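Okay, structure first, notes after.
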Amino acid sequence: MAKTRAGIINVTGYAGVELARLLVQHPEVELTSVTGRSAAGQKLNAFFPHLTNIGLTIENKLGDVDFVFSAMPHKDSAPEIIPLLERGIKVVDISADFRLRNPAAYPEWYQFTHPAPQLLKEAVYGLPELYSKKIAIARLIANPGCYPTSAILALAPAIKKEIIEPNIIIDSKSGISGAGRSLSLKVHFSEANEDVTAYSLEGHRHFPEITQELTLLNPKKPPAVTFVPHLIPMTRGILTTAYATLLPGKIATGKDGEKQLQEIYADFYKAAPFVKVVSFPPHTKYTWGNNDCYIYPTIDHRTGRLIVVSCIDNLVKGAAGQAVQNMNLMLGLPETTGLQALAVFP
Ligand SMILES: NC(=O)c1ccc[n+]([C@@H]2O[C@H](COP(=O)([O-])OP(=O)(O)OC[C@H]3O[C@@H](n4cnc5c(N)ncnc54)[C@H](OP(=O)(O)O)[C@@H]3O)[C@@H](O)[C@H]2O)c1
């Protein structure tokens with residue numbers, strides 16, 4: 001069978017170049033076309049020498065392809081995608097342009113009016129652990145944000161099984177590549193190195209996405225969410241710690257409760273090949289370059305609170321890897337195809 005011809009819009013950003021790395025190693029896909037404004041006309045392996053074997057030329061416009069990934073910044077992604085859908089091409093959008101169902105959320109959180117609000121109803125939120133059946137038949141996937149991926153996967157079993165009060169605190173820490181490749185003071189080595197800071201306490205753009213998805217898991221009890229992201233001096237990785245009070249009588253006390261929690265989480269993710277439910281606090285290093293999400297659910301017995309620690313690589317499970325996982329489902333391939341590499345350690 002002929003390989004699917006895949007294209008990447010905006011290969012020059014971090015999400016785009018990570019997609020290129022994954023797609024050239026994918027056995028059922030041929031990366032045939034890539035675009036990138038600042039590098040048009042250059043060879044991909046000259047612009048990114050670590051992609052040694054990819055002699056493709058970076059173009060201004062996509063060539064003939066069967067499947068497209070958009071790694072454009074938000075607002076600029078939707079106008080690229082709409083004509084592709086009209087031509088019958090399936091798309092995974094790594095930007096936020098199709099993640100929020102309410103069109104009014106775009107002016108509020110992203111400062112633009114959505115150009116195709118009708119597509120917000122159609123786009124499928126590309127979190128395969130929750131929506132694999134819908135993803136398999138979709139033509140447009142809204143690939144989740146990196147923070148939302150770590151937070152939603154950490155909390156979904158507890159919300160679905162109704163074991164917590166809907167009052168949730170999400171504390172997340174991201175490596176610097178989460179801010180993208182564009183230069184800004186906050187990513188200068190001398191300012192970011194040996195520094196940790198919280199930011200966007202007034203409301204991060206991933207907040208409406210997290211609350212939208214957590215609400216959909218149990219619409220009868222919409223959660224009150226406090227989300228505080230932090231920037232920390234590492235290249236890749238997100239570590240999220242989520243807290244919520246356990247509902248009385250739902251979980252046993254002591255070690256039995258911890259075991260019960262492990263069982264609830266392991267059962268919820270039994271068909272999810274990339275989610276590893278573990279009984280120890282995971283390290284972001286376990287996910288460097290792979291598509292895994294490690295989740296450690298436990299109990300603070302002194303307060304009766306659930307604590308869930310999760311970690312992912314923001315550029316893989318938080319972006320390009322999840323996008324490839326979605327493509328696999330859309331093409332009827334095993335979810336793990338091309339995504340089985342182990343983490344780089346240490
Ligand atoms: N980084 C992550 O961890 C992550 C995770 C999940 C999702 N995402 C999403 O993925 C998308 C890309 O993010 P990124 O982190 O890869 O960004 P990035 O590294 O900052 O790359 C942004 C690139 O976009 C190009 N660009 C900006 N405006 C453009 C326009 N109007 N037309 C064409 N090119 C334009 C820039 O290229 P020039 O140099 O040519 O201007 C730059 O290379 C964003 O929507 C982001 O939200 C990122």
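Chain identifiers are assigned as A, B, and so on, following the order in which chains appear in the structure tokens; residues are numbered from 1 within each chain, and ligands are numbered from 1 in order of appearance.
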Q.
Could you list, as a PyMOL selection string, all residues that come within 8 Å of ligand 1? Count only C-alpha atoms and all ligand atoms.
A. chain A and resi 10-17+36-39+70-74+76-77+94-97+143-146+177-183+236+314-315+318-320
Residues from last step as file, N, CA and C atoms, as a compact mmCIF listing (two decimals), in the first residue's frame:
# COMPACT_ATOMS: atom_id res chain seq x y z
N ASN A 10 4.57 25.18 8.67
CA ASN A 10 5.41 25.84 9.68
C ASN A 10 6.35 24.86 10.39
N VAL A 11 7.24 24.31 9.61
CA VAL A 11 8.20 23.35 10.15
C VAL A 11 9.31 24.05 10.95
N THR A 12 9.39 25.37 10.86
CA THR A 12 10.53 26.07 11.47
C THR A 12 10.36 26.33 12.96
N GLY A 13 9.16 26.13 13.51
CA GLY A 13 8.97 26.27 14.95
C GLY A 13 9.30 24.96 15.66
N TYR A 14 9.27 24.97 16.98
CA TYR A 14 9.63 23.77 17.74
C TYR A 14 8.64 22.62 17.52
N ALA A 15 7.34 22.94 17.48
CA ALA A 15 6.36 21.86 17.27
C ALA A 15 6.53 21.28 15.86
N GLY A 16 6.76 22.15 14.88
CA GLY A 16 6.91 21.71 13.49
C GLY A 16 8.13 20.84 13.30
N VAL A 17 9.26 21.23 13.87
CA VAL A 17 10.47 20.44 13.65
C VAL A 17 10.40 19.11 14.40
N GLY A 36 7.69 26.97 5.71
CA GLY A 36 8.32 27.74 6.79
C GLY A 36 8.72 29.10 6.26
N ARG A 37 8.06 30.12 6.79
CA ARG A 37 8.22 31.48 6.25
C ARG A 37 9.68 31.95 6.21
N SER A 38 10.37 31.79 7.32
CA SER A 38 11.71 32.37 7.39
C SER A 38 12.77 31.52 6.68
N ALA A 39 12.41 30.30 6.27
CA ALA A 39 13.43 29.42 5.71
C ALA A 39 13.07 28.93 4.31
N SER A 70 -0.80 21.29 11.00
CA SER A 70 -0.48 22.71 11.09
C SER A 70 0.19 22.99 12.42
N ALA A 71 1.40 23.53 12.36
CA ALA A 71 2.12 23.95 13.58
C ALA A 71 2.28 25.46 13.56
N MET A 72 1.27 26.13 13.06
CA MET A 72 1.27 27.59 13.01
C MET A 72 0.91 28.16 14.38
N PRO A 73 1.27 29.41 14.62
CA PRO A 73 0.78 30.07 15.84
C PRO A 73 -0.74 30.23 15.76
N HIS A 74 -1.38 30.37 16.94
CA HIS A 74 -2.83 30.55 16.94
C HIS A 74 -3.20 31.79 16.13
N ASP A 76 -3.21 32.41 13.15
CA ASP A 76 -2.72 32.24 11.77
C ASP A 76 -2.94 30.82 11.27
N SER A 77 -3.31 29.90 12.17
CA SER A 77 -3.47 28.51 11.75
C SER A 77 -4.80 28.28 11.02
N ILE A 94 -2.14 21.80 15.51
CA ILE A 94 -1.45 21.82 16.81
C ILE A 94 -1.70 23.13 17.54
N SER A 95 -2.20 24.12 16.84
CA SER A 95 -2.48 25.40 17.50
C SER A 95 -3.79 25.30 18.28
N ALA A 96 -4.18 26.39 18.90
CA ALA A 96 -5.40 26.39 19.72
C ALA A 96 -6.65 26.75 18.92
N ASP A 97 -6.51 26.92 17.59
CA ASP A 97 -7.60 27.55 16.83
C ASP A 97 -8.91 26.76 16.76
N ASN A 143 -5.58 19.47 18.23
CA ASN A 143 -4.61 18.80 19.11
C ASN A 143 -4.52 19.58 20.44
N PRO A 144 -4.63 18.90 21.57
CA PRO A 144 -4.67 19.62 22.84
C PRO A 144 -3.39 20.40 23.14
N GLY A 145 -3.51 21.39 24.00
CA GLY A 145 -2.34 22.12 24.47
C GLY A 145 -1.52 21.25 25.40
N CYS A 146 -0.30 21.68 25.66
CA CYS A 146 0.62 20.87 26.47
C CYS A 146 0.18 20.83 27.94
N SER A 177 11.02 25.28 26.16
CA SER A 177 10.58 25.09 24.77
C SER A 177 9.06 25.24 24.64
N GLY A 178 8.35 25.18 25.76
CA GLY A 178 6.91 25.41 25.74
C GLY A 178 6.56 26.81 25.27
N ALA A 179 7.52 27.72 25.39
CA ALA A 179 7.28 29.11 24.96
C ALA A 179 7.59 29.29 23.48
N GLY A 180 8.01 28.23 22.79
CA GLY A 180 8.29 28.33 21.36
C GLY A 180 9.67 28.86 21.06
N ARG A 181 9.96 29.00 19.78
CA ARG A 181 11.30 29.33 19.31
C ARG A 181 11.52 30.82 19.11
N SER A 182 10.41 31.55 19.10
CA SER A 182 10.55 32.99 18.88
C SER A 182 11.28 33.61 20.07
N LEU A 183 12.11 34.61 19.77
CA LEU A 183 12.92 35.19 20.84
C LEU A 183 12.11 36.14 21.70
N ARG A 236 12.80 20.64 27.81
CA ARG A 236 11.51 20.00 27.55
C ARG A 236 10.90 19.51 28.85
N ASN A 314 6.50 18.20 26.60
CA ASN A 314 5.56 19.16 25.99
C ASN A 314 5.60 19.13 24.47
N LEU A 315 6.74 18.75 23.88
CA LEU A 315 6.82 18.75 22.42
C LEU A 315 6.36 17.42 21.81
N GLY A 318 2.70 16.46 24.44
CA GLY A 318 2.05 17.78 24.51
C GLY A 318 1.90 18.47 23.17
N ALA A 319 2.37 17.86 22.07
CA ALA A 319 2.27 18.53 20.76
C ALA A 319 2.42 17.49 19.63
N ALA A 320 3.67 17.32 19.12
CA ALA A 320 3.86 16.56 17.88
C ALA A 320 3.55 15.06 18.02
Show me, as a tab-separated table, the residues of region 267-311 of chain A having an atom within 12 Å of region 249-252 of chain A, each with the closest atom pair and its distance in Å, using only C-alpha atoms.
residue	atom	partner	partner_atom	distance
A:Thr298	CA	A:Ile251	CA	11.1
A:Ile299	CA	A:Ile251	CA	9.6
A:His301	CA	A:Ala252	CA	10.6
A:Gly304	CA	A:Ile251	CA	9.7
A:Arg305	CA	A:Ile251	CA	10.8
A:Leu306	CA	A:Ile251	CA	10.0
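When CA of Leu201 (chain A) is paired with CA of Glu165 (chain A), their separation reads 22.5 Å.
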Q: Apply DSSP to the backbone of this structure and, from region 1-70 of chain A, keep only the residues in helix (DSSP H, G or I); write these as a PyMOL selection string.
A: chain A and resi 14-23+37-39+44-47
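Minimum atom-to-atom distance to Lys133 (chain A), evaluated using only C-alpha atoms, belongs to A:Asn326 out of A:Thr240, A:Thr336, A:Asn326, A:Thr149.
Nearest-residue note for Ser310 (chain A): choosing from A:Leu62, A:Val124, A:Val278, A:Ile210, the minimum distance belongs to A:Val278, counting only C-alpha atoms.
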Q.
Could you list, as number ranges by chain, every residue within 12 Å of Thr303 (chain A), counting only C-alpha atoms and ignoring same-chain residues fewer than 5 positions away?
A. A: 243-248, 253
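Backbone DSSP over region 104-210 of chain A gives strand (DSSP E or B) for Val124, Tyr125, Leu140, Ile141, Ala142, Ile164, Glu165, Pro166, Asn167, Ile168, Ile169, Ile170, Asp171, Ser172, Lys173, Ser174, Thr197 and Ala198 of chain A.
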Those same residues - N, CA and C atoms - I'd like them written as a tab-separated table (two decimals), in the first residue's frame.
chain	number	residue	atom	x	y	z
A	124	VAL	N	-12.70	17.72	16.49
A	124	VAL	CA	-12.65	16.78	17.62
A	124	VAL	C	-11.41	17.10	18.46
A	125	TYR	N	-11.62	17.20	19.76
A	125	TYR	CA	-10.51	17.45	20.68
A	125	TYR	C	-9.63	16.20	20.71
A	140	LEU	N	-11.00	16.93	11.11
A	140	LEU	CA	-10.26	18.02	11.72
A	140	LEU	C	-10.06	17.73	13.21
A	141	ILE	N	-8.79	17.68	13.60
A	141	ILE	CA	-8.46	17.43	15.00
A	141	ILE	C	-7.85	18.69	15.61
A	142	ALA	N	-8.39	19.06	16.76
A	142	ALA	CA	-7.80	20.13	17.56
A	142	ALA	C	-6.87	19.46	18.55
A	164	ILE	N	-13.97	13.04	43.71
A	164	ILE	CA	-13.45	14.30	44.28
A	164	ILE	C	-14.50	15.40	44.25
A	165	GLU	N	-14.31	16.36	45.15
A	165	GLU	CA	-15.14	17.57	45.09
A	165	GLU	C	-14.70	18.39	43.88
A	166	PRO	N	-15.63	19.13	43.25
A	166	PRO	CA	-15.25	19.84	42.01
A	166	PRO	C	-14.52	21.16	42.27
A	167	ASN	N	-13.57	21.11	43.15
A	167	ASN	CA	-12.79	22.29	43.53
A	167	ASN	C	-11.32	21.88	43.39
A	168	ILE	N	-10.71	22.34	42.29
A	168	ILE	CA	-9.45	21.71	41.86
A	168	ILE	C	-8.34	22.74	41.73
A	169	ILE	N	-7.15	22.38	42.21
A	169	ILE	CA	-5.98	23.23	42.01
A	169	ILE	C	-5.00	22.48	41.11
A	170	ILE	N	-4.55	23.18	40.07
A	170	ILE	CA	-3.60	22.58	39.13
A	170	ILE	C	-2.35	23.45	39.11
A	171	ASP	N	-1.24	22.85	39.52
A	171	ASP	CA	0.04	23.56	39.55
A	171	ASP	C	0.91	22.88	38.49
A	172	SER	N	1.35	23.65	37.49
A	172	SER	CA	2.12	23.04	36.40
A	172	SER	C	3.44	23.76	36.21
A	173	LYS	N	4.45	22.98	35.83
A	173	LYS	CA	5.77	23.56	35.56
A	173	LYS	C	6.21	23.14	34.17
A	174	SER	N	6.60	24.11	33.38
A	174	SER	CA	6.97	23.80	32.00
A	174	SER	C	8.41	24.18	31.71
A	197	THR	N	9.68	30.85	37.93
A	197	THR	CA	8.65	31.85	38.22
A	197	THR	C	7.26	31.34	37.82
A	198	ALA	N	6.27	31.77	38.59
A	198	ALA	CA	4.88	31.54	38.18
A	198	ALA	C	4.51	32.66	37.22
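Straight-line separation from CA of Val24 (chain A) to CA of Val65 (chain A): 14.8 Å.
Comparing A:Ile176, A:Ala156, A:Leu119, A:Leu84 by their smallest distance to Pro223 (chain A), the closest is A:Ala156 (using only C-alpha atoms).
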Q.
Excluding region 101-109 of chain A and its own-chain neighbours fewer than 2 positions away, which residues fall within 9 Å of it when counting only C-alpha atoms? Please give them as JSON, numbers by chain.
A. {"A": [97, 98, 99, 111, 112, 113, 114, 116, 117, 118, 120, 121, 123, 203, 204, 205, 206, 208, 212]}
Store the residues picked out above, limited to C-alpha atoms, as a PDB file, in the first residue's frame.
ATOM      1  CA  ASP A  97      -7.601  27.545  16.825  1.00  0.00           C
ATOM      2  CA  PHE A  98     -10.141  24.722  17.024  1.00  0.00           C
ATOM      3  CA  ARG A  99      -9.842  23.642  20.672  1.00  0.00           C
ATOM      4  CA  GLN A 111      -7.864  38.320  20.872  1.00  0.00           C
ATOM      5  CA  PHE A 112      -9.313  37.364  17.510  1.00  0.00           C
ATOM      6  CA  THR A 113     -12.712  36.634  16.033  1.00  0.00           C
ATOM      7  CA  HIS A 114     -12.908  33.052  14.847  1.00  0.00           C
ATOM      8  CA  ALA A 116     -15.089  29.566  10.926  1.00  0.00           C
ATOM      9  CA  PRO A 117     -17.166  29.124  14.103  1.00  0.00           C
ATOM     10  CA  GLN A 118     -19.145  26.295  12.474  1.00  0.00           C
ATOM     11  CA  LEU A 120     -15.635  24.516  16.238  1.00  0.00           C
ATOM     12  CA  LYS A 121     -18.625  22.184  16.550  1.00  0.00           C
ATOM     13  CA  ALA A 123     -13.476  19.677  15.305  1.00  0.00           C
ATOM     14  CA  GLY A 203      -5.639  33.669  33.523  1.00  0.00           C
ATOM     15  CA  HIS A 204      -3.469  31.577  31.197  1.00  0.00           C
ATOM     16  CA  ARG A 205      -4.837  30.798  27.712  1.00  0.00           C
ATOM     17  CA  HIS A 206      -4.954  27.116  28.552  1.00  0.00           C
ATOM     18  CA  PRO A 208     -10.581  27.783  29.257  1.00  0.00           C
ATOM     19  CA  GLN A 212     -13.994  23.045  29.087  1.00  0.00           C
TER      20      GLN A 212
END
Q.
Could you tell me how far CA of Pro128 (chain A) sits from CA of His230 (chain A), in Å to one decimal place?
A. 26.0 Å
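For the set A:Glu122, A:Leu342, A:Pro334, A:Gln260, the residue with the smallest atom-to-atom gap to Ala272 (chain A) is A:Pro334, counting only C-alpha atoms.
Closest approach to Arg21 (chain A) among A:Leu51, A:Leu214, A:Ala192, A:Ile307 is made by A:Leu51 (distances from only C-alpha atoms).
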